[in-house]
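K.L.:
Please see the structure below; I have some questions.
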Amino acid sequence: MLKKLKVPLIFVAIIILLYFVGIMRQNSKIGKNKQKMEIVNVSYDPTRELYERYNGLFKAYYKEKYGKDVNIIQSHGGSGSQARSVIEGLDADVVTLALENDVALLEKVDLLEKGWVDKFPGSSSPYTSTIVFLVRKENPQNIKDWNDLVKKGVKVITPDPKSSGGACWNFLAAWSYGLEKYGKDENKIKNFVKSIYDNVAVMDSGARAATTTFVENNQGDVLIAWENEAIATVKEYPDKYQIVYPSVSILAQPTVAVVDKIAKNDGTYQISTEYLKYLYSEKAQEIIAESGYRPYDQKVLKKYGNKFDLKMKLTKIDNFGGWKKAYEKFFNEGALFDKIY
């Protein structure tokens with residue numbers, strides 16, 4: 001008899017537990033709304049420092065305009081992993097991820113409303129970046145372009161496209177060089193890119209982890225990196241590292257969105273929208289540029305033009321047919337990346 005009751009009793013206990021957890025979360029939200037507003041920004045790996053600065057600016061702006069205090073909680077990790085965490089229940093009011101495809105995953109589970117990508121200027125990309133090489137001072141391996149990454153003995157550090165949005169940009173930047181060098185000969189391009197990944201010494205789950213492997217753990221000869229991450233590293237260690245701009249790269253477009261269903265449910269939709277909208281303000285765009293990202297505002301970009309190589313040749317995700325086609329060809333289970341690595 002006890003054995004027959006054991007499973008139902010467990011289910012009853014779980015239901016009771018979930019009920020009380022729900023009450024506690026609701027009470028927490030009620031208490032929070034009385035004191036101050038709170039939003040959660042789920043972002044990708046290298047944006048910690050950017051949003052640390054931006055959040056301070058936004059808090060002051062919101063307090064002055066609306067007379068209310070706001071608390072902003074940050075979450076960082078590999079972009080793909082972060083998107084899956086939100087789908088699995090991470091309470092994100094906004095997402096600021098590495099690429100449009102990761103944000104679009106939330107639309108598939110009805111967390112985002114249709115048309116979200118057009119809600120903010122620049123297809124909801126308040127800043128862009130590109131992919132560069134970070135090498136050790138004096139460039140001992142004489143790395144100048146993508147073809148140097150296939151040389152025997154060169155150890156490459158790059159994150160995993162299965163969990164990192166930046167890693168997807170890295171892969172497509174390498175493929176872009178292959179297109180430039182081999183034209184439509186896809187077999188040669190595939191073999192070339194495979195040769196790069198054959199030289200990968202460590203493949204971390206995210207871009208910041210890859211930087212740690214290269215910079216702090218002193219592994220590898222070259223890090224395939226976000227431009228902003230490379231700029232920050234050289235700023236911190238000017239005597240140890242330098243940036244190499246390859247002949248061809250890709251325009252990387254991180255993407256932002258209000259997580260409509262969560263924000264509306266939590267009563268934070270207005271402040272979440274304001275939070276992302278203010279990223280396009282001149283003051284915020286200045287912080288973006290100072291943090292090593294290419295601002296959407298062309299006047300601000302021109303002002304900080306000496307921080308970037310604005311003449312380098314950049315492909316775009318549209319050259320690959322958009323993210324849906326890019327994922328189908330390169331990154332889905334059993335697609336091209338799985339075949340070469």
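Naming scheme: A, B, ... for chains in displayed order of the structure tokens; residues 1 onward per chain; ligands 1 onward as shown.
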Tell me, counting only C-alpha atoms, for each residue of range 71-111 of chain A within 12 Å of range 257-271 of chain A, which pair of atoms is nearest and how far apart they are in Å to one decimal, in rows ordered by chain and increasing number, as CSV.
P.N.:
residue,atom,partner,partner_atom,distance
A:Asn71,CA,A:Ile271,CA,10.9
A:Ile72,CA,A:Ile271,CA,10.7
A:Ala83,CA,A:Val259,CA,11.0
A:Val86,CA,A:Val259,CA,9.3
A:Ile87,CA,A:Val259,CA,10.6
A:Gly89,CA,A:Ile262,CA,9.9
A:Leu90,CA,A:Ile262,CA,9.8
A:Asp91,CA,A:Ile262,CA,6.9
A:Ala92,CA,A:Val259,CA,6.7
A:Asp93,CA,A:Ala263,CA,4.9
A:Val94,CA,A:Val258,CA,4.4
A:Val95,CA,A:Ala257,CA,5.5
A:Thr96,CA,A:Ala257,CA,6.6
A:Leu97,CA,A:Ala257,CA,8.7
A:Ala98,CA,A:Ala257,CA,11.7
A:Leu99,CA,A:Ala257,CA,11.2
A:Glu100,CA,A:Ala257,CA,9.6
A:Asn101,CA,A:Ala257,CA,11.9
A:Asp102,CA,A:Ala257,CA,10.9
A:Val103,CA,A:Ala257,CA,7.3
A:Ala104,CA,A:Ala257,CA,9.5
A:Leu105,CA,A:Val259,CA,11.4
A:Leu106,CA,A:Val259,CA,7.9
A:Glu107,CA,A:Val259,CA,9.0
A:Val109,CA,A:Lys261,CA,10.2
A:Asp110,CA,A:Lys261,CA,7.5
A:Leu111,CA,A:Lys261,CA,5.0
K.L.:
Taking the backbone alone, and naming residues the way the document does, which bits of range 89-276 of chain A are strand (DSSP E or B) by DSSP, as a PDB file with N, CA and C atoms, in the first residue's frame?
P.N.:
ATOM      1  N   VAL A  94      15.302  41.662 -20.857  1.00  0.00           N
ATOM      2  CA  VAL A  94      15.907  41.997 -22.147  1.00  0.00           C
ATOM      3  C   VAL A  94      17.032  41.008 -22.422  1.00  0.00           C
ATOM      4  N   VAL A  95      17.298  40.803 -23.702  1.00  0.00           N
ATOM      5  CA  VAL A  95      18.472  40.038 -24.118  1.00  0.00           C
ATOM      6  C   VAL A  95      19.315  40.926 -25.014  1.00  0.00           C
ATOM      7  N   THR A  96      20.620  40.823 -24.851  1.00  0.00           N
ATOM      8  CA  THR A  96      21.570  41.576 -25.676  1.00  0.00           C
ATOM      9  C   THR A  96      22.620  40.568 -26.123  1.00  0.00           C
ATOM     10  N   LEU A  97      22.286  39.806 -27.156  1.00  0.00           N
ATOM     11  CA  LEU A  97      23.082  38.639 -27.522  1.00  0.00           C
ATOM     12  C   LEU A  97      23.970  38.897 -28.742  1.00  0.00           C
ATOM     13  N   TYR A 127      25.135  48.464 -31.816  1.00  0.00           N
ATOM     14  CA  TYR A 127      26.579  48.492 -32.046  1.00  0.00           C
ATOM     15  C   TYR A 127      26.963  47.263 -32.856  1.00  0.00           C
ATOM     16  N   THR A 128      28.095  47.347 -33.515  1.00  0.00           N
ATOM     17  CA  THR A 128      28.615  46.213 -34.277  1.00  0.00           C
ATOM     18  C   THR A 128      30.065  45.972 -33.868  1.00  0.00           C
ATOM     19  N   SER A 129      30.644  44.943 -34.445  1.00  0.00           N
ATOM     20  CA  SER A 129      32.052  44.656 -34.213  1.00  0.00           C
ATOM     21  C   SER A 129      32.557  43.885 -35.430  1.00  0.00           C
ATOM     22  N   ILE A 131      35.766  40.605 -36.526  1.00  0.00           N
ATOM     23  CA  ILE A 131      36.638  39.544 -36.014  1.00  0.00           C
ATOM     24  C   ILE A 131      38.080  39.824 -36.418  1.00  0.00           C
ATOM     25  N   VAL A 132      38.968  39.786 -35.433  1.00  0.00           N
ATOM     26  CA  VAL A 132      40.385  40.099 -35.650  1.00  0.00           C
ATOM     27  C   VAL A 132      41.240  39.018 -34.986  1.00  0.00           C
ATOM     28  N   PHE A 133      42.557  39.183 -35.084  1.00  0.00           N
ATOM     29  CA  PHE A 133      43.491  38.282 -34.411  1.00  0.00           C
ATOM     30  C   PHE A 133      44.180  39.025 -33.266  1.00  0.00           C
ATOM     31  N   LEU A 134      44.263  38.378 -32.136  1.00  0.00           N
ATOM     32  CA  LEU A 134      45.073  38.875 -31.034  1.00  0.00           C
ATOM     33  C   LEU A 134      46.313  37.990 -30.939  1.00  0.00           C
ATOM     34  N   VAL A 135      47.486  38.604 -31.032  1.00  0.00           N
ATOM     35  CA  VAL A 135      48.740  37.851 -30.987  1.00  0.00           C
ATOM     36  C   VAL A 135      49.628  38.429 -29.887  1.00  0.00           C
ATOM     37  N   ARG A 136      50.660  37.688 -29.565  1.00  0.00           N
ATOM     38  CA  ARG A 136      51.596  38.159 -28.543  1.00  0.00           C
ATOM     39  C   ARG A 136      52.511  39.230 -29.135  1.00  0.00           C
ATOM     40  N   VAL A 156      45.940  27.732 -32.456  1.00  0.00           N
ATOM     41  CA  VAL A 156      44.829  28.683 -32.544  1.00  0.00           C
ATOM     42  C   VAL A 156      43.894  28.508 -31.345  1.00  0.00           C
ATOM     43  N   ILE A 157      43.415  29.619 -30.806  1.00  0.00           N
ATOM     44  CA  ILE A 157      42.399  29.602 -29.754  1.00  0.00           C
ATOM     45  C   ILE A 157      41.134  30.255 -30.306  1.00  0.00           C
ATOM     46  N   VAL A 200      43.397  24.222 -33.908  1.00  0.00           N
ATOM     47  CA  VAL A 200      42.814  24.743 -32.666  1.00  0.00           C
ATOM     48  C   VAL A 200      43.318  23.924 -31.483  1.00  0.00           C
ATOM     49  N   ALA A 201      43.962  24.617 -30.542  1.00  0.00           N
ATOM     50  CA  ALA A 201      44.521  23.945 -29.365  1.00  0.00           C
ATOM     51  C   ALA A 201      43.506  23.821 -28.239  1.00  0.00           C
ATOM     52  N   VAL A 202      42.684  24.859 -28.065  1.00  0.00           N
ATOM     53  CA  VAL A 202      41.654  24.864 -27.022  1.00  0.00           C
ATOM     54  C   VAL A 202      40.397  25.497 -27.607  1.00  0.00           C
ATOM     55  N   VAL A 222      47.649  32.472 -31.291  1.00  0.00           N
ATOM     56  CA  VAL A 222      46.743  33.482 -31.830  1.00  0.00           C
ATOM     57  C   VAL A 222      45.334  33.213 -31.330  1.00  0.00           C
ATOM     58  N   LEU A 223      44.657  34.269 -30.933  1.00  0.00           N
ATOM     59  CA  LEU A 223      43.261  34.202 -30.527  1.00  0.00           C
ATOM     60  C   LEU A 223      42.409  34.839 -31.616  1.00  0.00           C
ATOM     61  N   ILE A 224      41.458  34.086 -32.159  1.00  0.00           N
ATOM     62  CA  ILE A 224      40.473  34.670 -33.073  1.00  0.00           C
ATOM     63  C   ILE A 224      39.426  35.331 -32.183  1.00  0.00           C
ATOM     64  N   ALA A 225      39.314  36.662 -32.277  1.00  0.00           N
ATOM     65  CA  ALA A 225      38.592  37.393 -31.237  1.00  0.00           C
ATOM     66  C   ALA A 225      37.666  38.468 -31.797  1.00  0.00           C
ATOM     67  N   TRP A 226      36.659  38.813 -30.984  1.00  0.00           N
ATOM     68  CA  TRP A 226      35.913  40.033 -31.213  1.00  0.00           C
ATOM     69  C   TRP A 226      36.896  41.199 -31.215  1.00  0.00           C
ATOM     70  N   TYR A 241      50.548  42.249 -25.873  1.00  0.00           N
ATOM     71  CA  TYR A 241      49.716  41.792 -26.987  1.00  0.00           C
ATOM     72  C   TYR A 241      49.544  42.875 -28.045  1.00  0.00           C
ATOM     73  N   GLN A 242      49.169  42.449 -29.226  1.00  0.00           N
ATOM     74  CA  GLN A 242      48.869  43.388 -30.306  1.00  0.00           C
ATOM     75  C   GLN A 242      47.789  42.790 -31.204  1.00  0.00           C
ATOM     76  N   ILE A 243      47.142  43.666 -31.946  1.00  0.00           N
ATOM     77  CA  ILE A 243      46.038  43.252 -32.821  1.00  0.00           C
ATOM     78  C   ILE A 243      46.534  43.150 -34.260  1.00  0.00           C
ATOM     79  N   VAL A 244      46.098  42.097 -34.944  1.00  0.00           N
ATOM     80  CA  VAL A 244      46.338  41.947 -36.374  1.00  0.00           C
ATOM     81  C   VAL A 244      44.976  41.956 -37.064  1.00  0.00           C
ATOM     82  N   VAL A 248      40.358  40.159 -44.801  1.00  0.00           N
ATOM     83  CA  VAL A 248      38.914  39.994 -44.934  1.00  0.00           C
ATOM     84  C   VAL A 248      38.353  39.539 -43.589  1.00  0.00           C
ATOM     85  N   SER A 249      37.234  40.111 -43.196  1.00  0.00           N
ATOM     86  CA  SER A 249      36.541  39.644 -42.001  1.00  0.00           C
ATOM     87  C   SER A 249      35.037  39.789 -42.244  1.00  0.00           C
ATOM     88  N   ILE A 250      34.270  39.878 -41.172  1.00  0.00           N
ATOM     89  CA  ILE A 250      32.816  39.965 -41.318  1.00  0.00           C
ATOM     90  C   ILE A 250      32.280  41.034 -40.377  1.00  0.00           C
ATOM     91  N   ALA A 252      30.148  41.872 -37.679  1.00  0.00           N
ATOM     92  CA  ALA A 252      29.427  41.163 -36.629  1.00  0.00           C
ATOM     93  C   ALA A 252      28.385  42.082 -36.013  1.00  0.00           C
ATOM     94  N   THR A 255      22.696  41.659 -31.320  1.00  0.00           N
ATOM     95  CA  THR A 255      21.292  42.030 -31.460  1.00  0.00           C
ATOM     96  C   THR A 255      20.610  42.096 -30.096  1.00  0.00           C
ATOM     97  N   VAL A 256      19.710  43.066 -29.942  1.00  0.00           N
ATOM     98  CA  VAL A 256      19.026  43.257 -28.663  1.00  0.00           C
ATOM     99  C   VAL A 256      17.513  43.121 -28.844  1.00  0.00           C
ATOM    100  N   ALA A 257      16.836  42.772 -27.738  1.00  0.00           N
ATOM    101  CA  ALA A 257      15.370  42.661 -27.795  1.00  0.00           C
ATOM    102  C   ALA A 257      14.788  42.677 -26.387  1.00  0.00           C
ATOM    103  N   VAL A 258      13.600  43.234 -26.269  1.00  0.00           N
ATOM    104  CA  VAL A 258      12.807  43.076 -25.058  1.00  0.00           C
ATOM    105  C   VAL A 258      12.140  41.707 -25.126  1.00  0.00           C
TER     106      VAL A 258
END
K.L.:
Taking into account only C-alpha atoms, which residue in the set A:Phe337, A:Asp239, A:Lys190, A:Pro126 is nearest to Glu286 in chain A?
P.N.:
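With only C-alpha atoms as the atom set, the closest residue is A:Pro126.
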K.L.:
With a distance cut-off of 10 Å and only C-alpha atoms, select the neighbouring residues of Thr130 in chain A, excluding the residue or stretch itself and same-chain residues fewer than 6 positions from it, and output the selection as an MDAnalysis selection string.
P.N.:
chainID A and resid 166 169:170 173 225:228 245 249:253 293:294 308:309 312 314:315
K.L.:
Write the selection just made, keeping N, CA, C and O atoms, as a JSON list (two decimals), in the first residue's frame?
P.N.:
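And here's selection33.json as it stands now:
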[["chain", "number", "residue", "atom", "x", "y", "z"],
["A", 166, "GLY", "N", 29.94, 34.42, -30.80],
["A", 166, "GLY", "CA", 31.18, 34.96, -31.34],
["A", 166, "GLY", "C", 31.92, 33.93, -32.18],
["A", 166, "GLY", "O", 32.54, 34.27, -33.20],
["A", 169, "TRP", "N", 30.59, 33.85, -35.64],
["A", 169, "TRP", "CA", 31.17, 34.95, -36.43],
["A", 169, "TRP", "C", 32.59, 34.60, -36.85],
["A", 169, "TRP", "O", 33.00, 34.87, -37.98],
["A", 170, "ASN", "N", 33.38, 34.00, -35.94],
["A", 170, "ASN", "CA", 34.76, 33.61, -36.26],
["A", 170, "ASN", "C", 34.79, 32.67, -37.45],
["A", 170, "ASN", "O", 35.59, 32.84, -38.38],
["A", 173, "ALA", "N", 33.87, 34.44, -40.65],
["A", 173, "ALA", "CA", 34.96, 35.32, -41.09],
["A", 173, "ALA", "C", 36.04, 34.52, -41.82],
["A", 173, "ALA", "O", 36.55, 34.95, -42.86],
["A", 225, "ALA", "N", 39.31, 36.66, -32.28],
["A", 225, "ALA", "CA", 38.59, 37.39, -31.24],
["A", 225, "ALA", "C", 37.67, 38.47, -31.80],
["A", 225, "ALA", "O", 37.87, 38.98, -32.91],
["A", 226, "TRP", "N", 36.66, 38.81, -30.98],
["A", 226, "TRP", "CA", 35.91, 40.03, -31.21],
["A", 226, "TRP", "C", 36.90, 41.20, -31.21],
["A", 226, "TRP", "O", 37.83, 41.24, -30.39],
["A", 227, "GLU", "N", 36.69, 42.16, -32.08],
["A", 227, "GLU", "CA", 37.54, 43.34, -32.10],
["A", 227, "GLU", "C", 37.52, 44.05, -30.75],
["A", 227, "GLU", "O", 38.57, 44.48, -30.24],
["A", 228, "ASN", "N", 36.35, 44.18, -30.15],
["A", 228, "ASN", "CA", 36.25, 44.88, -28.86],
["A", 228, "ASN", "C", 37.02, 44.15, -27.76],
["A", 228, "ASN", "O", 37.63, 44.76, -26.90],
["A", 245, "TYR", "N", 44.82, 42.88, -38.01],
["A", 245, "TYR", "CA", 43.58, 42.93, -38.80],
["A", 245, "TYR", "C", 43.76, 42.12, -40.07],
["A", 245, "TYR", "O", 44.62, 42.45, -40.89],
["A", 249, "SER", "N", 37.23, 40.11, -43.20],
["A", 249, "SER", "CA", 36.54, 39.64, -42.00],
["A", 249, "SER", "C", 35.04, 39.79, -42.24],
["A", 249, "SER", "O", 34.60, 39.84, -43.40],
["A", 250, "ILE", "N", 34.27, 39.88, -41.17],
["A", 250, "ILE", "CA", 32.82, 39.97, -41.32],
["A", 250, "ILE", "C", 32.28, 41.03, -40.38],
["A", 250, "ILE", "O", 32.85, 41.28, -39.31],
["A", 251, "LEU", "N", 31.21, 41.70, -40.78],
["A", 251, "LEU", "CA", 30.56, 42.68, -39.93],
["A", 251, "LEU", "C", 29.70, 41.92, -38.92],
["A", 251, "LEU", "O", 28.66, 41.36, -39.27],
["A", 252, "ALA", "N", 30.15, 41.87, -37.68],
["A", 252, "ALA", "CA", 29.43, 41.16, -36.63],
["A", 252, "ALA", "C", 28.39, 42.08, -36.01],
["A", 252, "ALA", "O", 28.71, 43.19, -35.60],
["A", 253, "GLN", "N", 27.14, 41.61, -35.96],
["A", 253, "GLN", "CA", 26.03, 42.45, -35.51],
["A", 253, "GLN", "C", 25.33, 41.84, -34.29],
["A", 253, "GLN", "O", 24.38, 41.08, -34.43],
["A", 293, "TYR", "N", 33.44, 48.90, -29.17],
["A", 293, "TYR", "CA", 32.42, 48.46, -30.13],
["A", 293, "TYR", "C", 32.19, 49.57, -31.15],
["A", 293, "TYR", "O", 32.36, 50.75, -30.84],
["A", 294, "ARG", "N", 31.77, 49.20, -32.34],
["A", 294, "ARG", "CA", 31.51, 50.19, -33.38],
["A", 294, "ARG", "C", 30.08, 50.72, -33.22],
["A", 294, "ARG", "O", 29.11, 49.97, -33.44],
["A", 308, "PHE", "N", 39.44, 51.96, -34.73],
["A", 308, "PHE", "CA", 39.07, 50.82, -35.57],
["A", 308, "PHE", "C", 39.72, 50.92, -36.95],
["A", 308, "PHE", "O", 40.10, 52.00, -37.38],
["A", 309, "ASP", "N", 39.82, 49.79, -37.61],
["A", 309, "ASP", "CA", 40.23, 49.78, -39.01],
["A", 309, "ASP", "C", 38.95, 49.81, -39.84],
["A", 309, "ASP", "O", 38.35, 48.78, -40.12],
["A", 312, "MET", "N", 38.93, 48.00, -43.64],
["A", 312, "MET", "CA", 39.06, 46.57, -43.91],
["A", 312, "MET", "C", 37.81, 46.03, -44.62],
["A", 312, "MET", "O", 36.70, 46.55, -44.43],
["A", 314, "LEU", "N", 34.76, 43.81, -45.23],
["A", 314, "LEU", "CA", 33.87, 43.06, -44.37],
["A", 314, "LEU", "C", 32.73, 42.45, -45.17],
["A", 314, "LEU", "O", 32.04, 43.16, -45.90],
["A", 315, "THR", "N", 32.53, 41.15, -45.03],
["A", 315, "THR", "CA", 31.33, 40.54, -45.57],
["A", 315, "THR", "C", 30.20, 40.76, -44.57],
["A", 315, "THR", "O", 30.41, 41.28, -43.46]]
K.L.:
Would you pick out the contacts of Lys59 in chain A at 7 Å or less, using only C-alpha atoms, so that residues sharing its chain but fewer than 3 positions from it are not included, and give the list as a list in words?
P.N.:
Asn55, Gly56, Tyr62, Lys63, Asp69 and Val70 of chain A
K.L.:
Keeping only N, CA and C atoms, write the selected residues as a PDB file, in the first residue's frame.
P.N.:
ATOM      1  N   ASN A  55      24.937  50.690 -17.605  1.00  0.00           N
ATOM      2  CA  ASN A  55      23.899  50.605 -16.577  1.00  0.00           C
ATOM      3  C   ASN A  55      23.942  51.801 -15.628  1.00  0.00           C
ATOM      4  N   GLY A  56      25.139  52.245 -15.293  1.00  0.00           N
ATOM      5  CA  GLY A  56      25.259  53.433 -14.448  1.00  0.00           C
ATOM      6  C   GLY A  56      24.673  54.661 -15.127  1.00  0.00           C
ATOM      7  N   TYR A  62      17.240  57.426 -16.016  1.00  0.00           N
ATOM      8  CA  TYR A  62      15.878  57.012 -15.667  1.00  0.00           C
ATOM      9  C   TYR A  62      15.412  57.705 -14.392  1.00  0.00           C
ATOM     10  N   LYS A  63      16.319  57.864 -13.436  1.00  0.00           N
ATOM     11  CA  LYS A  63      15.984  58.546 -12.190  1.00  0.00           C
ATOM     12  C   LYS A  63      15.615  60.000 -12.458  1.00  0.00           C
ATOM     13  N   ASP A  69      14.150  54.797  -9.022  1.00  0.00           N
ATOM     14  CA  ASP A  69      15.396  54.041  -9.039  1.00  0.00           C
ATOM     15  C   ASP A  69      15.183  52.738  -9.798  1.00  0.00           C
ATOM     16  N   VAL A  70      16.247  52.247 -10.412  1.00  0.00           N
ATOM     17  CA  VAL A  70      16.159  50.977 -11.127  1.00  0.00           C
ATOM     18  C   VAL A  70      17.395  50.148 -10.809  1.00  0.00           C
TER      19      VAL A  70
END
K.L.:
What are the nearest atom pairs, with distances in Å to one decimal, for all residues of range 136-220 of chain A that come at most 12 Å from range 327-332 of chain A, using only C-alpha atoms, set out by chain and rising residue number as a Markdown table?
P.N.:
| residue | atom | partner | partner_atom | distance |
| --- | --- | --- | --- | --- |
| A:Asp160 | CA | A:Phe331 | CA | 10.3 |
| A:Pro161 | CA | A:Phe331 | CA | 7.0 |
| A:Lys162 | CA | A:Phe331 | CA | 7.1 |
| A:Ser163 | CA | A:Phe331 | CA | 10.3 |
| A:Ser164 | CA | A:Phe331 | CA | 11.1 |
| A:Gly165 | CA | A:Phe331 | CA | 10.7 |
| A:Ala167 | CA | A:Phe331 | CA | 10.5 |
| A:Cys168 | CA | A:Phe331 | CA | 7.9 |
| A:Trp169 | CA | A:Phe331 | CA | 11.2 |
| A:Phe171 | CA | A:Phe330 | CA | 8.9 |
| A:Leu172 | CA | A:Phe330 | CA | 8.9 |
| A:Trp175 | CA | A:Phe330 | CA | 10.3 |
| A:Lys190 | CA | A:Phe330 | CA | 10.6 |
| A:Val193 | CA | A:Phe330 | CA | 11.7 |
K.L.:
How many Å separate CA of Asn319 in chain A from CA of Gly122 in chain A?
P.N.:
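CA of Asn319 in chain A sits 17.1 Å away from CA of Gly122 in chain A.
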K.L.:
Measuring atom to atom with only C-alpha atoms, identify which of A:Lys235, A:Lys302, A:Lys194, A:Lys307 is nearest to Tyr341 in chain A.
P.N.:
A:Lys194
K.L.:
So what do you get for CA of Gly77 in chain A versus CA of Ser43 in chain A, distance-wise?
P.N.:
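About the pair CA of Gly77 in chain A and CA of Ser43 in chain A: they are 7.0 Å apart.
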K.L.:
Would you please work out which residue, of A:Glu216, A:Asp198, A:Asp145, A:Asp221, is nearest to Thr233 in chain A when using only C-alpha atoms?
P.N.:
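Residue with the minimum atom-to-atom distance to Thr233 in chain A: A:Glu216.
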K.L.:
Measuring between only C-alpha atoms, which one of A:Asn41, A:Gln141, A:Thr47, A:Gln74 shows the shortest distance to Leu276 in chain A?
P.N.:
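Closest candidate: A:Asn41.
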K.L.:
Enter the distance from CA of Tyr61 in chain A to CA of Thr273 in chain A, in Å, rounded to one decimal.
P.N.:
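About the pair CA of Tyr61 in chain A and CA of Thr273 in chain A: they are 13.9 Å apart.
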K.L.:
Out of A:Tyr182, A:Glu88, A:Asn147, A:Ser291, which residue has the shortest atom-to-atom distance to Ala230 in chain A when counting only C-alpha atoms?
P.N.:
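Closest residue, counting only C-alpha atoms: A:Ser291.
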K.L.:
Identify all residues of range 88-287 of chain A in alpha helix (DSSP H) (DSSP on the backbone) and supply them as JSON, numbers by chain.
P.N.:
{"A": [100, 101, 102, 103, 104, 105, 106, 107, 108, 121, 122, 123, 124, 165, 166, 167, 168, 169, 170, 171, 172, 173, 174, 175, 176, 177, 178, 179, 180, 181, 182, 186, 187, 188, 189, 190, 191, 192, 193, 194, 195, 196, 197, 198, 207, 208, 209, 210, 211, 212, 213, 214, 215, 227, 228, 229, 230, 231, 232, 233, 234, 235, 236, 260, 261, 262, 263, 264, 265, 266, 269, 270, 271, 272, 273, 274, 275, 276, 277, 282, 283, 284, 285, 286, 287]}
